[in-house]
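Chemist: What follows is coords.cif, made up of mmCIF, C-alpha atoms:
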```
data_input
#
loop_
_atom_site.label_atom_id
_atom_site.label_comp_id
_atom_site.auth_asym_id
_atom_site.auth_seq_id
_atom_site.Cartn_x
_atom_site.Cartn_y
_atom_site.Cartn_z
CA MET V 1 -30.07 -21.73 -7.28
CA ASP V 2 -33.64 -20.43 -7.05
CA ALA V 3 -34.29 -22.68 -4.05
CA LEU V 4 -31.10 -21.39 -2.42
CA GLN V 5 -32.02 -17.79 -3.14
CA ASN V 6 -35.46 -18.35 -1.63
CA PHE V 7 -33.88 -19.97 1.42
CA LEU V 8 -31.53 -17.00 1.83
CA LYS V 9 -34.28 -14.41 1.36
CA GLU V 10 -36.44 -16.17 3.92
CA HIS V 11 -33.64 -16.15 6.47
CA ALA V 12 -32.29 -12.65 5.81
CA VAL V 13 -32.80 -10.05 8.53
CA ASP V 14 -32.47 -6.50 7.19
CA ASN V 15 -30.85 -8.01 4.09
CA LEU V 16 -28.15 -9.61 6.25
CA ILE V 17 -27.27 -13.32 6.31
CA SER V 18 -25.57 -14.54 9.46
CA TRP V 19 -22.57 -16.84 9.31
CA ARG V 20 -24.65 -19.64 10.84
CA GLN V 21 -27.21 -19.31 8.05
CA GLN V 22 -24.48 -19.24 5.43
CA GLN V 23 -23.11 -22.50 6.85
CA ASP V 24 -26.60 -24.04 7.04
CA ALA V 25 -27.26 -23.09 3.42
CA ALA V 26 -23.95 -24.65 2.35
CA GLU V 27 -24.84 -27.93 4.10
CA ARG V 28 -28.42 -28.01 2.90
CA PHE V 29 -27.56 -27.30 -0.75
CA GLN V 30 -24.25 -29.18 -0.72
CA LEU V 31 -22.21 -26.16 -1.69
CA THR V 32 -19.11 -24.54 -0.24
CA VAL V 33 -19.51 -21.46 1.96
CA ALA V 34 -17.74 -19.54 -0.83
CA GLU V 35 -20.33 -20.63 -3.39
CA VAL V 36 -23.11 -19.61 -1.01
CA GLU V 37 -21.42 -16.24 -0.44
CA GLU V 38 -21.52 -15.48 -4.15
CA VAL V 39 -25.25 -16.31 -4.31
CA ILE V 40 -25.92 -14.16 -1.25
CA LEU V 41 -24.21 -11.17 -2.85
CA GLN V 42 -25.82 -11.80 -6.25
CA ALA V 43 -29.22 -11.76 -4.57
CA GLY V 44 -28.45 -8.28 -3.22
CA LEU V 45 -28.04 -9.62 0.31
CA LEU V 46 -24.96 -9.26 2.49
CA PRO V 47 -23.10 -11.70 4.72
CA ALA V 48 -23.54 -10.10 8.15
CA ARG V 49 -19.77 -9.96 8.67
CA TYR V 50 -19.52 -7.18 6.07
CA GLN V 51 -22.19 -4.87 7.54
CA ARG V 52 -19.61 -2.33 8.73
CA ASN V 53 -18.14 -2.24 5.19
CA GLN V 54 -21.50 -1.15 3.86
CA GLN V 55 -21.18 2.61 4.29
CA MET V 56 -18.18 2.68 1.93
CA ILE V 57 -18.56 -0.55 -0.07
CA SER V 58 -21.95 -1.25 -1.67
CA THR V 59 -23.24 -4.82 -2.08
CA PRO V 60 -22.39 -4.89 -5.84
CA GLN V 61 -18.87 -3.72 -4.91
CA GLN V 62 -18.66 -6.37 -2.21
CA LEU V 63 -19.51 -8.91 -4.94
CA GLN V 64 -16.78 -7.37 -7.11
CA LEU V 65 -14.25 -7.85 -4.28
CA PHE V 66 -15.48 -11.40 -3.75
CA ARG V 67 -14.93 -12.19 -7.44
CA SER V 68 -11.39 -10.78 -7.36
CA THR V 69 -8.19 -12.81 -7.25
CA LEU V 70 -5.17 -11.16 -5.63
CA ALA V 71 -1.66 -12.39 -4.99
CA VAL V 72 0.36 -11.43 -1.94
CA VAL V 73 4.05 -12.05 -2.60
CA GLY V 74 5.75 -12.33 0.76
CA CYS V 75 3.89 -13.48 3.89
CA GLY V 76 6.16 -11.86 6.48
CA GLY V 77 5.99 -8.36 7.99
CA LEU V 78 3.97 -6.60 5.31
CA GLY V 79 2.34 -9.75 3.96
CA GLY V 80 0.89 -10.88 7.30
CA TYR V 81 -1.07 -7.66 7.74
CA ILE V 82 -2.02 -7.48 4.06
CA LEU V 83 -3.44 -11.03 4.12
CA GLU V 84 -5.41 -10.34 7.29
CA GLU V 85 -6.92 -7.15 5.89
CA LEU V 86 -7.76 -8.62 2.47
CA ALA V 87 -9.55 -11.55 4.10
CA ARG V 88 -11.58 -9.31 6.38
CA LEU V 89 -12.34 -6.97 3.48
CA GLY V 90 -13.88 -9.92 1.61
CA VAL V 91 -11.52 -10.45 -1.34
CA GLY V 92 -12.62 -13.84 -2.70
CA ARG V 93 -9.40 -15.50 -3.79
CA ILE V 94 -5.89 -14.95 -2.51
CA VAL V 95 -2.64 -16.53 -3.68
CA ALA V 96 -0.14 -16.35 -0.79
CA ILE V 97 3.47 -16.85 -1.85
CA ASP V 98 6.52 -17.17 0.42
CA PRO V 99 9.45 -19.62 0.43
CA ASP V 100 10.26 -19.27 4.13
CA VAL V 101 9.39 -20.75 7.51
CA PHE V 102 8.92 -18.69 10.66
CA GLU V 103 11.97 -17.91 12.76
CA GLU V 104 12.19 -16.40 16.23
CA HIS V 105 13.31 -13.00 14.95
CA ASN V 106 10.00 -12.73 13.05
CA LEU V 107 7.98 -12.63 16.28
CA ASN V 108 8.53 -8.89 16.87
CA ARG V 109 6.40 -7.93 13.87
CA GLN V 110 5.03 -10.68 11.65
CA LEU V 111 1.33 -11.02 12.38
CA LEU V 112 1.13 -14.65 11.26
CA SER V 113 4.05 -15.78 13.40
CA THR V 114 3.45 -17.50 16.73
CA ILE V 115 5.69 -19.54 19.01
CA GLU V 116 3.86 -22.66 17.97
CA LEU V 117 4.42 -21.98 14.26
CA LEU V 118 8.21 -21.49 14.46
CA GLY V 119 9.81 -23.65 11.78
CA THR V 120 6.61 -23.96 9.73
CA SER V 121 5.67 -22.47 6.35
CA LYS V 122 4.56 -18.83 6.26
CA ALA V 123 2.30 -19.40 3.24
CA ASP V 124 0.56 -22.31 5.01
CA ALA V 125 0.11 -20.15 8.12
CA ALA V 126 -1.63 -17.57 5.92
CA ALA V 127 -4.11 -20.17 4.67
CA ARG V 128 -4.83 -21.42 8.20
CA ARG V 129 -5.27 -17.93 9.62
CA ILE V 130 -7.67 -16.88 6.87
CA ALA V 131 -9.67 -20.10 7.30
CA GLU V 132 -10.18 -19.06 10.92
CA ILE V 133 -11.26 -15.51 10.01
CA ASN V 134 -13.22 -15.91 6.80
CA PRO V 135 -13.67 -19.43 5.37
CA ALA V 136 -15.43 -17.97 2.30
CA VAL V 137 -12.05 -16.70 1.11
CA ARG V 138 -10.22 -19.28 -0.99
CA VAL V 139 -6.48 -19.16 -0.30
CA SER V 140 -3.83 -20.88 -2.42
CA PRO V 141 -0.67 -21.09 -0.31
CA ILE V 142 2.54 -21.49 -2.31
CA THR V 143 5.72 -22.24 -0.40
CA ALA V 144 8.17 -21.21 -3.10
CA ALA V 145 10.32 -18.24 -4.03
CA PHE V 146 8.97 -15.87 -6.63
CA ASP V 147 11.25 -15.63 -9.65
CA ARG V 148 11.19 -14.59 -13.28
CA GLU V 149 11.08 -18.18 -14.51
CA HIS V 150 8.02 -19.39 -12.57
CA GLY V 151 6.41 -16.05 -11.80
CA ALA V 152 3.91 -16.12 -14.64
CA ASP V 153 2.62 -19.54 -13.54
CA LEU V 154 2.31 -18.41 -9.92
CA LEU V 155 0.29 -15.35 -10.98
CA SER V 156 -2.01 -17.14 -13.42
CA GLY V 157 -5.56 -15.79 -13.05
CA VAL V 158 -4.44 -13.02 -10.67
CA GLU V 159 -5.73 -9.50 -11.35
CA LEU V 160 -3.74 -7.50 -8.82
CA VAL V 161 -0.52 -8.18 -6.91
CA LEU V 162 0.71 -6.83 -3.58
CA ASP V 163 4.48 -6.62 -3.26
CA ALA V 164 5.40 -7.64 0.28
CA VAL V 165 8.80 -9.05 -0.60
CA ASP V 166 11.88 -8.52 1.61
CA ASN V 167 14.56 -7.97 -1.02
CA ILE V 168 15.16 -5.75 -4.02
CA PRO V 169 16.07 -8.33 -6.74
CA THR V 170 12.80 -10.21 -6.17
CA ARG V 171 10.92 -6.91 -6.34
CA PHE V 172 12.44 -6.30 -9.79
CA ASP V 173 11.41 -9.81 -10.91
CA LEU V 174 7.90 -9.26 -9.58
CA ALA V 175 7.53 -5.88 -11.30
CA GLU V 176 8.77 -7.32 -14.58
CA VAL V 177 6.43 -10.34 -14.50
CA CYS V 178 3.46 -8.14 -13.51
CA SER V 179 4.20 -5.72 -16.33
CA ARG V 180 4.47 -8.58 -18.82
CA LEU V 181 1.15 -10.08 -17.62
CA LYS V 182 -0.42 -6.59 -17.48
CA ILE V 183 -1.25 -6.90 -13.77
CA PRO V 184 -1.22 -3.78 -11.55
CA LEU V 185 1.18 -4.00 -8.63
CA VAL V 186 0.94 -2.27 -5.26
CA HIS V 187 4.47 -1.89 -3.94
CA GLY V 188 5.35 -1.48 -0.28
CA ALA V 189 8.72 -1.52 1.46
CA ILE V 190 9.88 -0.77 5.01
CA ALA V 191 13.00 -0.15 7.09
CA GLY V 192 13.00 0.92 10.72
CA TRP V 193 10.77 3.98 11.17
CA TYR V 194 10.49 4.41 7.42
CA GLY V 195 8.49 3.03 4.55
CA GLN V 196 7.20 3.66 1.06
CA VAL V 197 4.12 2.74 -0.96
CA VAL V 198 3.33 3.22 -4.64
CA SER V 199 0.95 1.67 -7.19
CA VAL V 200 2.44 0.52 -10.48
CA TYR V 201 0.42 0.06 -13.63
CA PRO V 202 1.65 -2.24 -16.41
CA GLY V 203 4.21 -0.52 -18.60
CA GLU V 204 5.26 1.99 -15.97
CA GLU V 205 8.89 1.52 -14.96
CA THR V 206 8.24 2.78 -11.45
CA LEU V 207 10.49 0.31 -9.62
CA ARG V 208 13.37 1.05 -12.00
CA LYS V 209 13.10 4.66 -10.87
CA LEU V 210 12.58 3.78 -7.21
CA TYR V 211 15.67 1.58 -7.14
CA GLY V 212 17.56 3.32 -9.97
CA ASN V 213 20.73 3.71 -7.88
CA TRP V 214 20.64 0.17 -6.50
CA ASN V 215 23.94 -1.66 -6.98
CA GLY V 216 23.27 -5.12 -5.63
CA GLY V 217 23.08 -4.69 -1.85
CA LYS V 218 20.28 -4.48 0.67
CA GLY V 219 18.40 -1.33 1.58
CA ILE V 220 18.68 0.54 4.88
CA GLU V 221 16.60 -2.23 6.51
CA ALA V 222 19.84 -4.20 6.84
CA ARG V 223 21.06 -1.55 9.31
CA LEU V 224 17.73 -0.46 10.84
CA GLY V 225 15.73 -3.69 11.13
CA ASN V 226 11.94 -3.46 11.39
CA PRO V 227 9.69 -2.84 14.42
CA SER V 228 6.09 -3.98 14.93
CA PHE V 229 4.29 -0.86 13.71
CA THR V 230 5.96 0.11 10.43
CA PRO V 231 4.82 -2.99 8.52
CA ALA V 232 1.26 -2.48 9.81
CA VAL V 233 1.21 1.11 8.50
CA ALA V 234 2.67 0.35 5.07
CA ALA V 235 0.58 -2.82 4.67
CA SER V 236 -2.64 -0.95 5.49
CA LEU V 237 -1.82 1.72 2.93
CA GLN V 238 -1.18 -1.02 0.35
CA VAL V 239 -4.53 -2.67 1.07
CA ALA V 240 -6.32 0.70 0.80
CA GLU V 241 -4.66 1.16 -2.60
CA ALA V 242 -5.63 -2.38 -3.67
CA CYS V 243 -9.25 -1.80 -2.61
CA LYS V 244 -9.38 1.46 -4.59
CA LEU V 245 -7.78 -0.09 -7.68
CA LEU V 246 -10.21 -3.04 -7.64
CA LEU V 247 -13.25 -0.80 -7.25
CA GLY V 248 -11.95 2.02 -9.48
CA GLN V 249 -12.40 4.59 -6.71
CA GLY V 250 -10.40 7.54 -5.45
CA ARG V 251 -6.97 8.73 -6.51
CA PRO V 252 -4.31 6.03 -6.54
CA LEU V 253 -0.65 6.67 -5.68
CA ARG V 254 0.38 6.37 -9.29
CA LYS V 255 3.77 7.62 -10.52
CA ALA V 256 4.14 9.11 -7.07
CA MET V 257 5.53 7.32 -4.05
CA LEU V 258 4.31 8.01 -0.55
CA SER V 259 7.41 8.29 1.62
CA ILE V 260 6.63 7.47 5.25
CA ASN V 261 8.66 8.70 8.21
CA LEU V 262 7.07 7.62 11.48
CA LEU V 263 9.87 9.11 13.60
CA ASP V 264 8.80 12.65 12.61
CA MET V 265 5.33 11.72 11.35
CA GLN V 266 6.35 13.10 7.99
CA PHE V 267 4.49 11.86 4.89
CA ASP V 268 5.74 13.07 1.50
CA GLU V 269 4.39 12.33 -1.95
CA VAL V 270 7.38 12.00 -4.24
CA PRO V 271 6.98 12.16 -8.05
CA LEU V 272 8.46 9.14 -9.84
CA MET G 273 26.48 28.89 -5.43
CA LYS G 274 23.59 27.98 -3.17
CA VAL G 275 21.93 24.56 -3.26
CA THR G 276 18.99 23.54 -1.12
CA VAL G 277 19.44 19.99 0.12
CA LYS G 278 16.46 18.02 1.45
CA LEU G 279 17.16 14.79 3.27
CA PHE G 280 14.59 12.10 3.93
CA ALA G 281 14.01 9.25 6.38
CA SER G 282 17.20 7.70 7.82
CA PHE G 283 19.39 10.43 6.29
CA GLN G 284 17.92 13.08 8.63
CA PRO G 285 19.05 12.00 12.15
CA GLY G 286 22.46 13.53 12.90
CA ARG G 287 22.30 15.72 9.77
CA PHE G 288 19.34 17.96 8.91
CA ASN G 289 15.97 17.87 7.16
CA LEU G 290 16.46 20.87 4.88
CA GLU G 291 19.34 23.28 4.46
CA THR G 292 20.47 25.80 1.86
CA ARG G 293 24.23 25.33 1.59
CA ASP G 294 27.14 26.94 -0.24
CA TYR G 295 29.04 24.85 -2.79
CA PRO G 296 31.68 25.63 -5.45
CA GLU G 297 30.38 25.99 -9.02
CA HIS G 298 29.84 22.70 -10.93
CA THR G 299 29.72 20.57 -7.79
CA ARG G 300 28.40 17.09 -8.57
CA ILE G 301 25.53 15.46 -6.67
CA GLY G 302 27.88 12.62 -5.69
CA SER G 303 30.24 15.08 -3.96
CA ILE G 304 27.43 16.34 -1.76
CA ILE G 305 26.47 12.77 -0.86
CA ARG G 306 30.09 12.07 0.16
CA GLU G 307 30.40 15.39 2.01
CA LEU G 308 27.33 14.45 4.09
CA ASN G 309 28.83 11.02 4.87
CA ILE G 310 25.87 9.26 3.31
CA PRO G 311 26.91 5.74 2.30
CA GLU G 312 26.53 5.62 -1.49
CA GLU G 313 24.97 2.14 -1.42
CA GLU G 314 22.16 3.48 0.79
CA VAL G 315 21.07 6.13 -1.71
CA GLY G 316 17.73 5.39 -3.37
CA ILE G 317 16.07 8.21 -5.23
CA LEU G 318 17.80 11.46 -6.16
CA LEU G 319 15.55 14.28 -7.27
CA LEU G 320 17.07 17.43 -8.73
CA ASN G 321 14.38 20.11 -8.96
CA ALA G 322 11.78 17.30 -8.73
CA VAL G 323 13.32 15.38 -11.67
CA HIS G 324 15.23 12.08 -11.35
CA ALA G 325 18.96 12.59 -11.24
CA LYS G 326 22.22 10.61 -11.13
CA PRO G 327 25.18 11.18 -8.77
CA GLU G 328 27.43 12.32 -11.64
CA GLN G 329 25.17 15.26 -12.56
CA THR G 330 26.47 18.75 -11.77
CA LEU G 331 24.50 21.33 -9.82
CA SER G 332 23.67 24.98 -10.52
CA ASP G 333 22.91 27.91 -8.27
CA GLY G 334 19.40 27.72 -6.82
CA ASP G 335 18.98 23.98 -7.37
CA ILE G 336 16.93 21.86 -4.97
CA LEU G 337 18.32 18.39 -4.36
CA ALA G 338 16.29 15.71 -2.53
CA ILE G 339 18.00 12.51 -1.32
CA PHE G 340 15.99 9.43 -0.28
CA PRO G 341 17.38 6.19 1.12
CA LEU G 342 16.96 2.80 -0.47
CA VAL G 343 14.15 1.04 1.40
CA GLY G 344 13.70 -2.63 0.56
CA GLY G 345 12.46 -4.53 3.62
CA GLY G 346 9.20 -6.39 3.92
#
```
Translate this structure into structure tokens?
Modeler:
Amino acid sequence: MDALQNFLKEHAVDNLISWRQQQDAAERFQLTVAEVEEVILQAGLLPARYQRNQQMISTPQQLQLFRSTLAVVGCGGLGGYILEELARLGVGRIVAIDPDVFEEHNLNRQLLSTIELLGTSKADAAARRIAEINPAVRVSPITAAFDREHGADLLSGVELVLDAVDNIPTRFDLAEVCSRLKIPLVHGAIAGWYGQVVSVYPGEETLRKLYGNWNGGKGIEARLGNPSFTPAVAASLQVAEACKLLLGQGRPLRKAMLSINLLDMQFDEVPL
Amino acid sequence: MKVTVKLFASFQPGRFNLETRDYPEHTRIGSIIRELNIPEEEVGILLLNAVHAKPEQTLSDGDILAIFPLVGGG
């Protein structure tokens, strides 16, 4: 590793390593670009792609993000944006879980959906997209439904989960498995002009309160559908929460849900 | 008695955002939900004076009731 570190230090410009140099180093030292990225960050250098992160995320914090493993459950409306933002942020490992394939009615909002990908796996699309953006991020695509029975296996090694699921029963399963495994969960849900985001720490029964009056049906999304912009808003708020939780910064939305109303641009923090 | 009702998200259009309304003594939360033609299965969180509440709870003069819809899409 000393030889690699020396190579990197020789090629760094203002402590930045370009993508080309990262690739060259991987070839020369027979490592993956992910392995090289870790050495870059350990050496106090920064892959050049992250230079605009630098004013808010220090190099040690960038290393912390790189060493993190997150799961995104649901790769549709919310999940597509969440995956994109996590990969660009520099989270090192992502488990992308979704049982579905793309359908035409996804094209109005789901970032990962394209005409060409209709009929193909959403989780696989996540892996391909991230490989195009940031090949140093290791993605494990899982084309399967999340449930209580297999949930713990799917989340093995995961330290934070983003709830981007499209139905309430699966959200309950996810919250229960996360609580059991002591994994924090960042919940997001949308319907029409409206959405909600809240962070759930293990042991907090936040989703039981959020959906306390649920009696087996769907939410208002069944009547309102979802446009292009609401998932982007809620997903971005979820990723901001995830970033804060991983780095231990700021004030998380804990035991308080942010209720989003884009029709009136009304944002309310609701105690839970 | 007077109860202040705050509606959120999809419950606002065609109704109101916030109103202080007159109700008979001991009115239940569920009666207000029905009176406002809010489908019961769409009700998510109910907050009575900022504390979680159930539809069968009765209201008192001066109470503030907040009604949020169930949002579950992704």
Chemist: By how many Å are atom CA of V:Pro135 and atom CA of V:Val33 apart?
Modeler: 7.1 Å
Chemist: Determine the residue membership of the PyMOL selection byres ((chain V) within 6 of (chain G)) for the file above and supply it as a ChimeraX atom specification.
Modeler: /V:77-78,164-168,189-191,210-211,213,219-221,261
Chemist: How many Å separate atom CA of G:Asp333 from atom CA of V:Leu272?
Modeler: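 These two atoms are separated by 23.7 Å.
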Chemist: List, as a PyMOL selection string, every residue that the PyMOL selection byres ((chain G and resi 275) around 7) selects in the file provided.
Modeler: chain G and resi 273-274+276-277+292-294+333-336
Chemist: Mind checking which residues fall within 10 Å of V:Leu245, counting all atoms listed in the file, ignoring those fewer than 3 positions away in the same chain, and posting them as a ChimeraX atom specification?
Modeler: /V:160,184-186,199,239-242,248-252
Chemist: Please, could you write that set of residues out with C-alpha atoms as a PDB file, keeping the file's coordinate frame?
Modeler:
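The result, stored in again_12.pdb:
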```pdb
ATOM      1  CA  LEU V 160      -3.740  -7.500  -8.820  1.00  0.00           C
ATOM      2  CA  PRO V 184      -1.220  -3.780 -11.550  1.00  0.00           C
ATOM      3  CA  LEU V 185       1.180  -4.000  -8.630  1.00  0.00           C
ATOM      4  CA  VAL V 186       0.940  -2.270  -5.260  1.00  0.00           C
ATOM      5  CA  SER V 199       0.950   1.670  -7.190  1.00  0.00           C
ATOM      6  CA  VAL V 239      -4.530  -2.670   1.070  1.00  0.00           C
ATOM      7  CA  ALA V 240      -6.320   0.700   0.800  1.00  0.00           C
ATOM      8  CA  GLU V 241      -4.660   1.160  -2.600  1.00  0.00           C
ATOM      9  CA  ALA V 242      -5.630  -2.380  -3.670  1.00  0.00           C
ATOM     10  CA  GLY V 248     -11.950   2.020  -9.480  1.00  0.00           C
ATOM     11  CA  GLN V 249     -12.400   4.590  -6.710  1.00  0.00           C
ATOM     12  CA  GLY V 250     -10.400   7.540  -5.450  1.00  0.00           C
ATOM     13  CA  ARG V 251      -6.970   8.730  -6.510  1.00  0.00           C
ATOM     14  CA  PRO V 252      -4.310   6.030  -6.540  1.00  0.00           C
TER      15      PRO V 252
END
```
Chemist: So, counting only C-alpha atoms, which residue among G:Ile310, G:His298, G:Ile304, G:Glu291 is closest to G:Leu331?
Modeler: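 The answer is G:His298, which sits nearest to G:Leu331.
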Chemist: Applied to this file, what does the PyMOL selection byres ((chain V and resi 144-155) around 12) return in terms of residues, put as a PyMOL selection string?
Modeler: chain V and resi 69-75+94-101+121-124+140-143+156-167+169-185
Chemist: Choose the residue, out of V:Asp2, V:Asp14, V:Asp268, V:Glu38, that has the smallest atom-to-atom separation from G:Lys278; count only C-alpha atoms.
Modeler: V:Asp268
Chemist: Any idea what the distance is between atom CA of V:Val36 and atom CA of V:Arg93?
Modeler: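 The value is 14.6 Å.
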Chemist: So which residues touch G:Thr299 within 9 Å, counting only C-alpha atoms, skipping near sequence neighbours fewer than 6 positions away, as a VMD selection string?
Modeler: chain G and resid 329 to 332
Chemist: Contacts of V:Ala232 at 9 Å or less, counting all atoms listed in the file, minus same-chain residues fewer than 4 places along, as a list in words?
Modeler: Gly77, Leu78, Gly80, Tyr81, Ile82, Arg109, Leu111, Ser228, Ser236 and Leu237 of chain V
Chemist: Counting all atoms listed in the file, which of V:Ala136, V:Leu246, V:Leu112, V:Ala43 gets nearest to V:Ala26?
Modeler: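 Among the listed residues, V:Ala136 lies closest to V:Ala26.
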Chemist: Need to verify the contact set: V:Asn108, 9 Å, only C-alpha atoms, exclusion of same-chain residues closer than 3 positions in sequence. Can you return it as a PyMOL selection string?
Modeler: chain V and resi 104-105+111+113+226-228
Chemist: If I only have part of stretch 292-318 of chain G, can you fill in N, CA and C atoms and write it as a PDB file, keeping the file's coordinate frame?
Modeler:
```pdb
ATOM      1  N   THR G 292      19.909  25.185   3.064  1.00  0.00           N
ATOM      2  CA  THR G 292      20.470  25.800   1.860  1.00  0.00           C
ATOM      3  C   THR G 292      21.947  26.013   2.134  1.00  0.00           C
ATOM      4  N   ARG G 293      22.782  25.396   1.299  1.00  0.00           N
ATOM      5  CA  ARG G 293      24.230  25.330   1.590  1.00  0.00           C
ATOM      6  C   ARG G 293      25.029  25.909   0.422  1.00  0.00           C
ATOM      7  N   ASP G 294      26.233  26.367   0.763  1.00  0.00           N
ATOM      8  CA  ASP G 294      27.140  26.940  -0.240  1.00  0.00           C
ATOM      9  C   ASP G 294      28.042  25.852  -0.825  1.00  0.00           C
ATOM     10  N   TYR G 295      28.138  25.803  -2.136  1.00  0.00           N
ATOM     11  CA  TYR G 295      29.040  24.850  -2.790  1.00  0.00           C
ATOM     12  C   TYR G 295      29.787  25.558  -3.921  1.00  0.00           C
ATOM     13  N   PRO G 296      30.988  25.066  -4.287  1.00  0.00           N
ATOM     14  CA  PRO G 296      31.680  25.630  -5.450  1.00  0.00           C
ATOM     15  C   PRO G 296      30.869  25.351  -6.722  1.00  0.00           C
ATOM     16  N   GLU G 297      31.043  26.188  -7.723  1.00  0.00           N
ATOM     17  CA  GLU G 297      30.380  25.990  -9.020  1.00  0.00           C
ATOM     18  C   GLU G 297      30.664  24.565  -9.525  1.00  0.00           C
ATOM     19  N   HIS G 298      29.714  24.006 -10.260  1.00  0.00           N
ATOM     20  CA  HIS G 298      29.840  22.700 -10.930  1.00  0.00           C
ATOM     21  C   HIS G 298      30.024  21.520  -9.956  1.00  0.00           C
ATOM     22  N   THR G 299      29.655  21.706  -8.719  1.00  0.00           N
ATOM     23  CA  THR G 299      29.720  20.570  -7.790  1.00  0.00           C
ATOM     24  C   THR G 299      28.770  19.467  -8.276  1.00  0.00           C
ATOM     25  N   ARG G 300      29.249  18.218  -8.160  1.00  0.00           N
ATOM     26  CA  ARG G 300      28.400  17.090  -8.570  1.00  0.00           C
ATOM     27  C   ARG G 300      27.557  16.617  -7.380  1.00  0.00           C
ATOM     28  N   ILE G 301      26.420  15.993  -7.718  1.00  0.00           N
ATOM     29  CA  ILE G 301      25.530  15.460  -6.670  1.00  0.00           C
ATOM     30  C   ILE G 301      26.294  14.480  -5.792  1.00  0.00           C
ATOM     31  N   GLY G 302      27.109  13.630  -6.422  1.00  0.00           N
ATOM     32  CA  GLY G 302      27.880  12.620  -5.690  1.00  0.00           C
ATOM     33  C   GLY G 302      28.786  13.232  -4.629  1.00  0.00           C
ATOM     34  N   SER G 303      29.346  14.428  -4.924  1.00  0.00           N
ATOM     35  CA  SER G 303      30.240  15.080  -3.960  1.00  0.00           C
ATOM     36  C   SER G 303      29.475  15.494  -2.714  1.00  0.00           C
ATOM     37  N   ILE G 304      28.244  15.945  -2.915  1.00  0.00           N
ATOM     38  CA  ILE G 304      27.430  16.340  -1.760  1.00  0.00           C
ATOM     39  C   ILE G 304      27.091  15.113  -0.911  1.00  0.00           C
ATOM     40  N   ILE G 305      26.787  14.014  -1.585  1.00  0.00           N
ATOM     41  CA  ILE G 305      26.470  12.770  -0.860  1.00  0.00           C
ATOM     42  C   ILE G 305      27.675  12.355  -0.011  1.00  0.00           C
ATOM     43  N   ARG G 306      28.869  12.448  -0.582  1.00  0.00           N
ATOM     44  CA  ARG G 306      30.090  12.070   0.160  1.00  0.00           C
ATOM     45  C   ARG G 306      30.355  13.064   1.300  1.00  0.00           C
ATOM     46  N   GLU G 307      30.162  14.349   1.010  1.00  0.00           N
ATOM     47  CA  GLU G 307      30.400  15.390   2.010  1.00  0.00           C
ATOM     48  C   GLU G 307      29.501  15.182   3.233  1.00  0.00           C
ATOM     49  N   LEU G 308      28.277  14.662   2.988  1.00  0.00           N
ATOM     50  CA  LEU G 308      27.330  14.450   4.090  1.00  0.00           C
ATOM     51  C   LEU G 308      27.511  13.082   4.759  1.00  0.00           C
ATOM     52  N   ASN G 309      28.560  12.364   4.337  1.00  0.00           N
ATOM     53  CA  ASN G 309      28.830  11.020   4.870  1.00  0.00           C
ATOM     54  C   ASN G 309      27.648  10.071   4.718  1.00  0.00           C
ATOM     55  N   ILE G 310      26.955  10.200   3.593  1.00  0.00           N
ATOM     56  CA  ILE G 310      25.870   9.260   3.310  1.00  0.00           C
ATOM     57  C   ILE G 310      26.472   8.102   2.519  1.00  0.00           C
ATOM     58  N   PRO G 311      26.358   6.877   3.044  1.00  0.00           N
ATOM     59  CA  PRO G 311      26.910   5.740   2.300  1.00  0.00           C
ATOM     60  C   PRO G 311      26.245   5.640   0.922  1.00  0.00           C
ATOM     61  N   GLU G 312      27.069   5.591  -0.121  1.00  0.00           N
ATOM     62  CA  GLU G 312      26.530   5.620  -1.490  1.00  0.00           C
ATOM     63  C   GLU G 312      25.538   4.482  -1.751  1.00  0.00           C
ATOM     64  N   GLU G 313      25.834   3.302  -1.148  1.00  0.00           N
ATOM     65  CA  GLU G 313      24.970   2.140  -1.420  1.00  0.00           C
ATOM     66  C   GLU G 313      23.606   2.288  -0.745  1.00  0.00           C
ATOM     67  N   GLU G 314      23.466   3.276   0.144  1.00  0.00           N
ATOM     68  CA  GLU G 314      22.160   3.480   0.790  1.00  0.00           C
ATOM     69  C   GLU G 314      21.288   4.482   0.047  1.00  0.00           C
ATOM     70  N   VAL G 315      21.833   5.106  -1.001  1.00  0.00           N
ATOM     71  CA  VAL G 315      21.070   6.130  -1.710  1.00  0.00           C
ATOM     72  C   VAL G 315      20.045   5.472  -2.645  1.00  0.00           C
ATOM     73  N   GLY G 316      18.802   5.880  -2.502  1.00  0.00           N
ATOM     74  CA  GLY G 316      17.730   5.390  -3.370  1.00  0.00           C
ATOM     75  C   GLY G 316      17.447   6.403  -4.459  1.00  0.00           C
ATOM     76  N   ILE G 317      16.449   7.239  -4.209  1.00  0.00           N
ATOM     77  CA  ILE G 317      16.070   8.210  -5.230  1.00  0.00           C
ATOM     78  C   ILE G 317      16.817   9.527  -5.024  1.00  0.00           C
ATOM     79  N   LEU G 318      17.240  10.113  -6.141  1.00  0.00           N
ATOM     80  CA  LEU G 318      17.800  11.460  -6.160  1.00  0.00           C
ATOM     81  C   LEU G 318      16.900  12.310  -7.033  1.00  0.00           C
TER      82      LEU G 318
END
```
